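Engineer: What follows is query.cif, made up of mmCIF, C-alpha atoms:
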```
data_query
loop_
_atom_site.label_atom_id
_atom_site.label_comp_id
_atom_site.auth_asym_id
_atom_site.auth_seq_id
_atom_site.Cartn_x
_atom_site.Cartn_y
_atom_site.Cartn_z
CA MET A 1 140.37 225.36 56.59
CA ARG A 2 138.70 227.84 54.29
CA ASN A 3 140.86 230.00 52.09
CA PRO A 4 141.39 233.31 53.91
CA LYS A 5 139.87 235.12 50.90
CA ASP A 6 136.61 233.26 51.52
CA PHE A 7 136.45 233.76 55.28
CA PHE A 8 134.02 236.68 55.02
CA ALA A 9 131.88 235.18 52.27
CA PRO A 10 128.33 234.08 53.21
CA LEU A 11 128.04 230.33 53.84
CA ALA A 12 124.64 230.08 52.12
CA VAL A 13 123.14 231.66 49.03
CA GLY A 14 121.07 234.64 50.15
CA ALA A 15 122.56 234.87 53.64
CA PRO A 16 123.82 238.27 54.82
CA ALA A 17 127.54 238.93 54.54
CA PRO A 18 129.50 238.28 57.75
CA LEU A 19 130.53 241.31 59.78
CA ARG A 20 134.15 242.42 59.58
CA GLU A 21 133.98 244.42 62.82
CA LEU A 22 131.97 243.72 65.96
CA PRO A 23 129.26 246.28 66.76
CA GLN A 24 130.40 248.50 69.63
CA ARG A 25 127.54 247.89 72.03
CA LEU A 26 127.60 247.74 75.81
CA SER A 27 127.50 244.30 77.40
CA ARG A 28 128.64 244.83 80.98
CA VAL A 29 125.77 242.70 82.27
CA ILE A 30 124.13 239.73 80.56
CA HIS A 31 120.96 239.13 82.55
CA PHE A 32 119.51 235.62 82.34
CA PHE A 33 115.82 234.78 82.61
CA ASP A 34 113.80 231.60 82.14
CA PRO A 35 111.17 232.16 79.43
CA SER A 36 109.20 229.13 80.68
CA ASN A 37 108.59 230.99 83.95
CA ALA A 38 105.68 233.31 83.16
CA LYS A 39 106.20 235.41 86.29
CA MET A 40 109.89 235.93 85.52
CA ALA A 41 109.25 236.65 81.83
CA SER A 42 106.57 239.22 82.67
CA LYS A 43 109.17 241.34 84.51
CA VAL A 44 111.53 241.58 81.54
CA PRO A 45 109.98 244.66 79.87
CA ASP A 46 110.17 246.59 83.15
CA ILE A 47 113.87 245.90 83.76
CA LEU A 48 115.05 246.44 80.17
CA PRO A 49 116.19 250.04 80.84
CA ARG A 50 118.61 248.68 83.47
CA LEU A 51 120.17 246.12 81.14
CA ASP A 52 122.83 246.06 78.45
CA VAL A 53 121.84 242.51 77.46
CA VAL A 54 118.80 240.39 78.32
CA LEU A 55 119.21 236.68 77.63
CA GLY A 56 116.42 234.15 77.27
CA ASN A 57 117.90 230.99 78.73
CA LEU A 58 116.85 227.66 77.23
CA GLU A 59 119.59 225.41 78.63
CA ASP A 60 120.80 224.64 82.18
CA GLY A 61 118.41 226.06 84.76
CA VAL A 62 115.39 225.12 82.65
CA ARG A 63 113.76 221.77 83.52
CA ALA A 64 113.76 219.09 80.81
CA ASP A 65 109.97 219.08 80.73
CA ALA A 66 109.95 222.88 80.27
CA LYS A 67 112.40 223.14 77.36
CA ILE A 68 109.74 223.55 74.68
CA ALA A 69 107.78 225.99 76.84
CA ALA A 70 110.93 228.08 77.31
CA ARG A 71 111.58 228.16 73.56
CA GLU A 72 107.99 229.14 72.78
CA GLY A 73 107.94 231.64 75.63
CA LEU A 74 111.03 233.40 74.32
CA ALA A 75 109.59 233.63 70.81
CA LYS A 76 106.34 235.07 72.17
CA LEU A 77 108.04 237.60 74.44
CA ALA A 78 110.47 238.76 71.74
CA ALA A 79 107.71 239.23 69.21
CA ALA A 80 105.74 241.42 71.62
CA THR A 81 108.62 243.48 73.05
CA GLU A 82 110.59 246.47 71.80
CA PHE A 83 114.08 246.15 73.24
CA GLY A 84 115.43 249.60 72.39
CA ASP A 85 119.14 249.88 73.23
CA THR A 86 119.11 246.57 75.12
CA GLN A 87 120.45 243.58 73.21
CA LEU A 88 118.47 240.33 73.04
CA TRP A 89 120.53 237.15 73.34
CA THR A 90 119.56 233.54 73.86
CA ARG A 91 121.44 230.54 75.22
CA VAL A 92 120.31 227.52 73.25
CA ASN A 93 120.66 223.95 74.42
CA SER A 94 123.92 222.15 73.77
CA LEU A 95 124.58 220.69 70.34
CA ASP A 96 124.49 217.12 71.68
CA SER A 97 121.08 217.59 73.35
CA PRO A 98 117.65 216.66 71.97
CA TRP A 99 116.66 220.36 71.91
CA GLY A 100 119.60 222.33 70.49
CA LEU A 101 118.78 221.89 66.80
CA ASP A 102 115.10 222.73 67.25
CA ASP A 103 116.03 225.82 69.27
CA LEU A 104 117.83 227.21 66.21
CA LEU A 105 115.27 225.97 63.67
CA THR A 106 112.46 227.65 65.62
CA LEU A 107 113.98 230.88 66.88
CA VAL A 108 115.92 232.13 63.85
CA PRO A 109 112.87 232.23 61.52
CA ALA A 110 110.57 233.51 64.28
CA ILE A 111 112.65 236.21 65.98
CA GLY A 112 115.98 236.27 64.15
CA HIS A 113 115.37 239.91 63.22
CA LYS A 114 115.36 240.79 66.93
CA LEU A 115 118.09 238.45 68.18
CA ASP A 116 121.62 239.83 68.41
CA VAL A 117 123.66 236.91 69.75
CA ILE A 118 123.19 233.16 70.13
CA MET A 119 125.12 231.69 73.05
CA VAL A 120 126.26 228.11 72.44
CA PRO A 121 127.12 226.03 75.53
CA LYS A 122 129.81 223.40 75.96
CA VAL A 123 131.74 224.31 72.82
CA GLU A 124 134.70 221.95 72.53
CA GLY A 125 136.35 222.91 69.25
CA ALA A 126 136.13 224.89 66.03
CA GLU A 127 134.00 222.12 64.52
CA ASP A 128 131.10 223.08 66.81
CA ILE A 129 131.27 226.69 65.62
CA HIS A 130 131.55 225.62 61.97
CA TYR A 131 128.36 223.56 62.33
CA VAL A 132 126.41 226.44 63.87
CA ASP A 133 127.91 228.89 61.38
CA ARG A 134 126.68 226.99 58.31
CA LEU A 135 123.28 226.24 59.83
CA LEU A 136 122.68 229.86 60.79
CA ALA A 137 123.59 231.02 57.29
CA GLN A 138 120.98 228.67 55.81
CA LEU A 139 118.34 229.78 58.30
CA GLU A 140 119.14 233.47 57.78
CA ALA A 141 118.77 233.07 54.02
CA LYS A 142 115.49 231.21 54.42
CA ALA A 143 114.14 233.83 56.81
CA GLY A 144 115.35 236.76 54.68
CA LEU A 145 117.44 238.28 57.45
CA THR A 146 119.57 241.24 56.42
CA ARG A 147 122.15 241.11 59.23
CA PRO A 148 124.04 238.06 60.49
CA LEU A 149 123.46 236.64 63.93
CA LEU A 150 126.55 236.51 66.12
CA VAL A 151 127.73 233.53 68.14
CA HIS A 152 129.02 233.44 71.71
CA ALA A 153 130.70 230.27 73.01
CA ILE A 154 130.89 229.07 76.61
CA LEU A 155 134.05 227.32 77.84
CA GLU A 156 132.74 224.48 79.98
CA THR A 157 135.02 221.53 79.24
CA ALA A 158 138.74 220.84 79.45
CA ARG A 159 138.79 220.21 75.70
CA GLY A 160 137.14 223.55 75.08
CA VAL A 161 139.82 225.32 77.13
CA ALA A 162 142.55 223.40 75.31
CA ASN A 163 141.07 224.56 71.97
CA VAL A 164 140.13 228.08 73.05
CA GLU A 165 142.30 229.85 70.48
CA GLU A 166 140.83 227.98 67.51
CA ILE A 167 137.30 228.45 68.88
CA ALA A 168 137.83 232.21 69.16
CA GLY A 169 138.93 232.43 65.54
CA ALA A 170 136.58 229.84 64.03
CA SER A 171 134.12 232.24 62.35
CA PRO A 172 133.50 235.93 61.70
CA ARG A 173 130.28 235.36 63.67
CA MET A 174 132.22 234.98 66.89
CA GLN A 175 131.19 237.71 69.32
CA GLY A 176 132.84 236.46 72.49
CA LEU A 177 133.55 233.76 75.05
CA SER A 178 132.30 233.19 78.60
CA LEU A 179 133.79 231.13 81.39
CA GLY A 180 131.38 228.40 82.51
CA PRO A 181 132.90 227.41 85.87
CA ALA A 182 130.37 224.83 87.12
CA ASP A 183 130.44 222.47 84.13
CA LEU A 184 134.16 223.06 83.68
CA ALA A 185 134.79 222.10 87.31
CA ALA A 186 132.86 218.87 86.82
CA ASP A 187 134.64 218.04 83.55
CA ARG A 188 138.04 218.65 85.15
CA ARG A 189 137.06 216.60 88.21
CA MET A 190 137.71 219.60 90.42
CA LYS A 191 136.55 219.09 94.02
CA THR A 192 134.35 222.16 94.36
CA THR A 193 130.57 222.33 94.27
CA ARG A 194 130.46 226.12 94.00
CA VAL A 195 129.27 227.97 90.89
CA GLY A 196 132.09 230.41 90.24
CA GLY A 197 134.10 232.23 92.85
CA GLY A 198 136.86 230.88 95.06
CA HIS A 199 137.13 228.08 97.58
CA PRO A 200 138.52 228.37 101.12
CA GLY A 201 140.57 225.22 100.63
CA TYR A 202 142.44 226.61 97.61
CA LEU A 203 145.10 228.66 99.39
CA VAL A 204 148.73 229.35 100.09
CA ARG A 205 150.18 229.47 103.59
CA GLN A 206 152.76 231.84 105.02
CA ASP A 207 156.16 230.29 105.75
CA PRO A 208 156.92 229.35 109.38
CA SER A 209 158.47 232.04 111.52
CA ALA A 210 162.23 231.63 111.85
CA THR A 211 162.05 232.63 115.52
CA ASP A 212 158.78 230.90 116.46
CA PRO A 213 158.05 227.87 114.22
CA ASP A 214 154.85 227.10 116.15
CA ALA A 215 153.33 230.56 115.68
CA PRO A 216 150.08 230.76 113.68
CA ARG A 217 150.69 231.16 109.94
CA ALA A 218 148.45 233.34 107.80
CA THR A 219 146.66 231.82 104.80
CA TYR A 220 145.56 233.52 101.59
CA GLN A 221 142.72 232.22 99.46
CA GLN A 222 143.58 231.89 95.78
CA ASP A 223 141.50 232.20 92.58
CA LEU A 224 140.58 228.82 91.08
CA TRP A 225 139.81 230.41 87.71
CA HIS A 226 142.71 232.76 87.11
CA TYR A 227 144.55 230.56 84.61
CA THR A 228 141.47 229.76 82.54
CA LEU A 229 140.19 233.33 82.55
CA ALA A 230 143.57 234.76 81.55
CA ARG A 231 143.92 232.26 78.71
CA MET A 232 140.39 233.05 77.51
CA VAL A 233 141.09 236.80 77.59
CA ASP A 234 144.23 236.33 75.49
CA ALA A 235 142.37 234.20 72.94
CA CYS A 236 139.64 236.84 72.65
CA ALA A 237 142.07 239.76 72.35
CA ALA A 238 144.08 237.93 69.69
CA ASN A 239 140.93 237.37 67.61
CA GLY A 240 139.12 240.66 68.15
CA ILE A 241 136.24 239.26 70.19
CA LEU A 242 135.04 239.88 73.77
CA PRO A 243 135.67 237.93 77.02
CA TYR A 244 133.15 237.59 79.87
CA TYR A 245 133.05 236.17 83.36
CA GLY A 246 130.16 233.73 83.62
CA PRO A 247 127.87 233.01 86.58
CA PHE A 248 128.44 233.68 90.27
CA GLY A 249 126.07 231.30 92.00
CA ASP A 250 125.99 232.57 95.59
CA ILE A 251 123.32 235.23 95.10
CA LYS A 252 123.42 236.38 98.75
CA ASP A 253 127.19 236.94 98.81
CA VAL A 254 127.21 240.23 96.94
CA VAL A 255 130.64 241.17 98.32
CA ALA A 256 132.39 238.11 96.89
CA CYS A 257 130.41 238.52 93.66
CA GLU A 258 131.70 242.05 93.27
CA ASP A 259 135.26 240.92 94.02
CA GLN A 260 135.10 238.17 91.40
CA PHE A 261 133.62 240.49 88.80
CA ARG A 262 136.29 243.11 89.51
CA ASN A 263 139.08 240.57 89.12
CA ALA A 264 137.64 239.69 85.72
CA PHE A 265 137.32 243.38 84.77
CA LEU A 266 140.92 244.15 85.69
CA LEU A 267 142.09 241.10 83.75
CA GLY A 268 140.37 242.26 80.56
CA CYS A 269 136.78 241.00 80.62
CA VAL A 270 134.08 243.40 79.42
CA GLY A 271 131.13 241.98 81.36
CA ALA A 272 129.62 239.17 83.41
CA TRP A 273 126.41 237.19 83.76
CA SER A 274 123.61 238.19 86.11
CA LEU A 275 121.52 235.35 87.55
CA HIS A 276 119.42 237.57 89.82
CA PRO A 277 118.41 241.25 89.69
CA VAL A 278 120.68 241.98 92.66
CA GLN A 279 123.71 241.24 90.45
CA ILE A 280 122.70 243.67 87.68
CA ASP A 281 123.93 246.85 89.34
CA ILE A 282 127.04 245.08 90.65
CA ALA A 283 128.09 244.13 87.12
CA LYS A 284 127.27 247.53 85.67
CA ARG A 285 129.24 249.29 88.39
CA VAL A 286 132.26 247.00 88.28
CA PHE A 287 132.58 246.92 84.47
CA SER A 288 132.42 250.72 84.27
CA PRO A 289 135.76 252.40 85.09
CA GLU A 290 135.95 254.54 88.21
CA PRO A 291 135.67 258.31 87.54
CA ALA A 292 139.07 258.82 89.18
CA ASP A 293 140.65 256.33 86.76
CA VAL A 294 139.03 258.11 83.80
CA ALA A 295 140.28 261.47 85.04
CA TRP A 296 143.80 260.08 85.45
CA ALA A 297 143.73 258.57 81.95
CA ARG A 298 142.71 261.94 80.47
CA HIS A 299 145.41 263.69 82.47
CA VAL A 300 148.13 261.35 81.25
CA ILE A 301 147.06 261.58 77.61
CA ASP A 302 146.78 265.37 77.75
CA THR A 303 150.19 265.67 79.41
CA MET A 304 151.93 263.24 77.07
CA GLY A 305 151.15 265.37 74.03
CA ASP A 306 152.02 263.33 70.94
CA GLY A 307 152.24 260.17 73.05
CA THR A 308 155.89 259.42 72.38
CA GLY A 309 158.89 259.30 74.67
CA ALA A 310 158.89 259.03 78.45
CA ILE A 311 158.02 261.72 80.98
CA MET A 312 157.11 262.01 84.64
CA VAL A 313 153.45 262.76 85.39
CA ASP A 314 152.72 263.54 89.04
CA GLY A 315 155.80 261.60 90.10
CA LYS A 316 155.04 258.52 87.97
CA MET A 317 156.88 257.47 84.84
CA GLN A 318 154.65 257.41 81.74
CA ASP A 319 155.56 256.41 78.20
CA ASP A 320 153.98 255.16 74.96
CA ALA A 321 152.62 252.04 76.67
CA SER A 322 151.03 254.19 79.36
CA VAL A 323 149.13 256.13 76.71
CA LYS A 324 147.84 252.88 75.20
CA GLN A 325 146.63 251.73 78.63
CA CYS A 326 144.94 255.06 79.28
CA LYS A 327 143.23 255.00 75.89
CA VAL A 328 141.62 251.65 76.79
CA VAL A 329 140.04 253.25 79.86
CA LEU A 330 139.11 256.47 78.07
CA ASP A 331 137.56 254.74 75.06
CA LEU A 332 135.40 252.61 77.35
CA ALA A 333 134.37 255.70 79.32
CA ARG A 334 133.33 257.50 76.13
CA THR A 335 131.24 254.55 75.00
CA LEU A 336 129.53 254.36 78.39
CA ALA A 337 128.98 258.10 78.56
CA ALA A 338 127.16 258.05 75.21
CA ARG A 339 124.62 255.60 76.69
CA ASP A 340 124.43 256.68 80.33
CA PRO A 341 123.90 260.39 81.20
CA HIS A 342 124.91 259.79 84.83
CA LEU A 343 128.26 258.34 83.78
CA ALA A 344 128.70 261.16 81.27
CA VAL A 345 128.50 263.61 84.19
CA ALA A 346 130.71 261.47 86.46
CA TYR A 347 133.36 261.17 83.75
CA GLY A 348 133.24 264.87 82.85
CA PHE A 349 131.88 264.16 79.37
CA ALA A 350 128.45 265.78 79.71
CA GLY A 351 127.78 267.64 76.46
CA LEU A 352 131.12 266.51 75.02
CA VAL A 353 130.23 263.03 73.70
CA ASP A 354 128.22 262.44 70.56
CA PRO A 355 125.85 259.44 70.12
CA ALA A 356 128.64 257.40 68.49
CA GLY A 357 130.69 257.67 71.67
CA GLN A 358 133.31 260.07 70.24
CA ASP A 359 134.74 262.99 72.15
CA ALA A 360 133.16 266.05 70.54
CA ARG A 361 135.77 268.55 71.65
#
```
Hey, can you dump this file as structure tokens for me?

Structural biologist:
Amino acid sequence: MRNPKDFFAPLAVGAPAPLRELPQRLSRVIHFFDPSNAKMASKVPDILPRLDVVLGNLEDGVRADAKIAAREGLAKLAAATEFGDTQLWTRVNSLDSPWGLDDLLTLVPAIGHKLDVIMVPKVEGAEDIHYVDRLLAQLEAKAGLTRPLLVHAILETARGVANVEEIAGASPRMQGLSLGPADLAADRRMKTTRVGGGHPGYLVRQDPSATDPDAPRATYQQDLWHYTLARMVDACAANGILPYYGPFGDIKDVVACEDQFRNAFLLGCVGAWSLHPVQIDIAKRVFSPEPADVAWARHVIDTMGDGTGAIMVDGKMQDDASVKQCKVVLDLARTLAARDPHLAVAYGFAGLVDPAGQDAR
């Protein structure tokens, strides 16, 4: 391990200093596109205003014979596009693939000044992050970049989940973690072929009736991913980085997609992946607090005064912990209102929030 005093020192001569605080930028939806697909790539500039993050995908979902075309397509699109408030991310190929190294060697010099985050798949331990960390520092120095690229890791193996805490704290570059349910299911030998979401066979059954043992017994479908997601959220919160739900593969089942995203939101995630334009608005809606919840949070904080002690607010006990919970909701609402005029009106912040997301009252 590095000496804690050296943790925020650049890992290469001439590389930018690591960030001590993550930039506060919206990432409710990370929309994936295949840069090797010219038709799909051509639509990116038009949908940018709808997106918090657009991600050029180079890994799974891109054919082996299209890997180089995807890499070159992303470089070309990024060079020709102004992204405005929308972040540009990429998911490179895994570190054990024939393409992962060349993805970094090509993209950082070519478009590193436009990239915000590099998503690394199938991260299994801190050693994977350390490798990427040092390599990026060298490439940043060579390219003359003035800000460090951030790294986002995907949990897709049992070993990665077992090491999630050390992965989350492996580098000041760490931006966040995503759940990768399909690869993780395969690595765990789970018996589901779904990409995210639940399974009708994973359930609990109501106990038999004491008076009629043969009566039908209700069943309740359970969440296959609750344990992993909760552990990932804790690891992120403990290390000051951000947790995300990954892909929901059944594009047509928008109801179940929204349910899964909302579970992740309530548990602490800040966003989710979008694999199809239909999922963009679902993610943005779900990962934005409801106006009624924002109004309640403001009401509690205003009523609590200095935020100490315990009082009754509209028949419900509130105390110091309640204020902390309400501040989470209110801070997110302020950040969203600074970016989205419609949410500013819905949250009652119109004209009261400055561009930095602070309440101007």

Engineer: What would the selection look like, as an NGL selection string, if the PyMOL selection byres ((chain A and resi 189-195) around 10) were run on the coordinates I just shared?

Structural biologist: :A and (158 or 180-188 or 196-199 or 201-202 or 224 or 246-250)

Engineer: Go through A:Leu336, A:Leu150, A:Val294, A:Met312 one by one, measure the shortest atom-to-atom distance of each to A:Ser171 using all atoms listed in the file, and give the residue with the smallest value.

Structural biologist: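 Closest residue, counting all atoms listed in the file: A:Leu150.
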
Engineer: Between atom CA of A:Gly271 and atom CA of A:Pro243, what is the distance in Å, rounded to a tenth?

Structural biologist: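 About the pair atom CA of A:Gly271 and atom CA of A:Pro243: they are 7.5 Å apart.
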
Engineer: Pick from A:Asp96, A:Asp314, A:Asp128, A:Glu59: nearest to A:Trp296, with all atoms listed in the file counted?

Structural biologist: A:Asp314

Engineer: Kindly provide, as a ChimeraX atom specification, the polymer residues lying within 10 Å of (125.3, 237.7, 84.7), counting all atoms listed in the file and using the coordinates exactly as they appear in the file.

Structural biologist: /A:28-32,53-55,244-249,261,271-277,279-280,282-283

Engineer: Convert the output of the PyMOL selection byres ((chain A and resi 235-239) around 8) on the shown file into explicit residues, formatted as JSON, numbers by chain.

Structural biologist: {"A": [164, 165, 168, 169, 176, 177, 231, 232, 233, 234, 240, 241, 242, 243]}

Engineer: A:Ala69: which residues within 12 Å, counting only C-alpha atoms, same-chain residues fewer than 6 positions away excluded, as a PyMOL selection string?

Structural biologist: chain A and resi 34-38+41+56-59+62-63+75-77+99+103

Engineer: I'd like to see the residues matched by the PyMOL selection byres ((chain A and resi 262) around 12) on this file, and ideally I'd get them as number ranges by chain.

Structural biologist: A: 28, 197, 244-245, 255-261, 263-272, 282-290

Engineer: Restricted to C-alpha atoms, what would the selected residues look like written as a PDB file, in the frame of the given file?

Structural biologist:
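Saved file result11.pdb follows:
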```pdb
ATOM      1  CA  ARG A  28     128.640 244.830  80.980  1.00  0.00           C
ATOM      2  CA  GLY A 197     134.100 232.230  92.850  1.00  0.00           C
ATOM      3  CA  TYR A 244     133.150 237.590  79.870  1.00  0.00           C
ATOM      4  CA  TYR A 245     133.050 236.170  83.360  1.00  0.00           C
ATOM      5  CA  VAL A 255     130.640 241.170  98.320  1.00  0.00           C
ATOM      6  CA  ALA A 256     132.390 238.110  96.890  1.00  0.00           C
ATOM      7  CA  CYS A 257     130.410 238.520  93.660  1.00  0.00           C
ATOM      8  CA  GLU A 258     131.700 242.050  93.270  1.00  0.00           C
ATOM      9  CA  ASP A 259     135.260 240.920  94.020  1.00  0.00           C
ATOM     10  CA  GLN A 260     135.100 238.170  91.400  1.00  0.00           C
ATOM     11  CA  PHE A 261     133.620 240.490  88.800  1.00  0.00           C
ATOM     12  CA  ASN A 263     139.080 240.570  89.120  1.00  0.00           C
ATOM     13  CA  ALA A 264     137.640 239.690  85.720  1.00  0.00           C
ATOM     14  CA  PHE A 265     137.320 243.380  84.770  1.00  0.00           C
ATOM     15  CA  LEU A 266     140.920 244.150  85.690  1.00  0.00           C
ATOM     16  CA  LEU A 267     142.090 241.100  83.750  1.00  0.00           C
ATOM     17  CA  GLY A 268     140.370 242.260  80.560  1.00  0.00           C
ATOM     18  CA  CYS A 269     136.780 241.000  80.620  1.00  0.00           C
ATOM     19  CA  VAL A 270     134.080 243.400  79.420  1.00  0.00           C
ATOM     20  CA  GLY A 271     131.130 241.980  81.360  1.00  0.00           C
ATOM     21  CA  ALA A 272     129.620 239.170  83.410  1.00  0.00           C
ATOM     22  CA  ILE A 282     127.040 245.080  90.650  1.00  0.00           C
ATOM     23  CA  ALA A 283     128.090 244.130  87.120  1.00  0.00           C
ATOM     24  CA  LYS A 284     127.270 247.530  85.670  1.00  0.00           C
ATOM     25  CA  ARG A 285     129.240 249.290  88.390  1.00  0.00           C
ATOM     26  CA  VAL A 286     132.260 247.000  88.280  1.00  0.00           C
ATOM     27  CA  PHE A 287     132.580 246.920  84.470  1.00  0.00           C
ATOM     28  CA  SER A 288     132.420 250.720  84.270  1.00  0.00           C
ATOM     29  CA  PRO A 289     135.760 252.400  85.090  1.00  0.00           C
ATOM     30  CA  GLU A 290     135.950 254.540  88.210  1.00  0.00           C
TER      31      GLU A 290
END
```

Engineer: So, with all atoms listed in the file as the atoms that count, which of A:Val300, A:Leu136, A:Leu48, A:Ala110 lies closest to A:Gly84?

Structural biologist: A:Leu48

Engineer: Between atom CA of A:His342 and atom CA of A:Lys114, what distance in Å does the model show, to one decimal?

Structural biologist: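 About the pair atom CA of A:His342 and atom CA of A:Lys114: they are 27.8 Å apart.
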
Engineer: Which one of A:Gln325, A:Thr228, A:Gln318, A:Ser178 sits closest to A:Gly305 if you count all atoms listed in the file?

Structural biologist: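 When distances to A:Gly305 are compared using all atoms listed in the file, the smallest one comes from A:Gln318.
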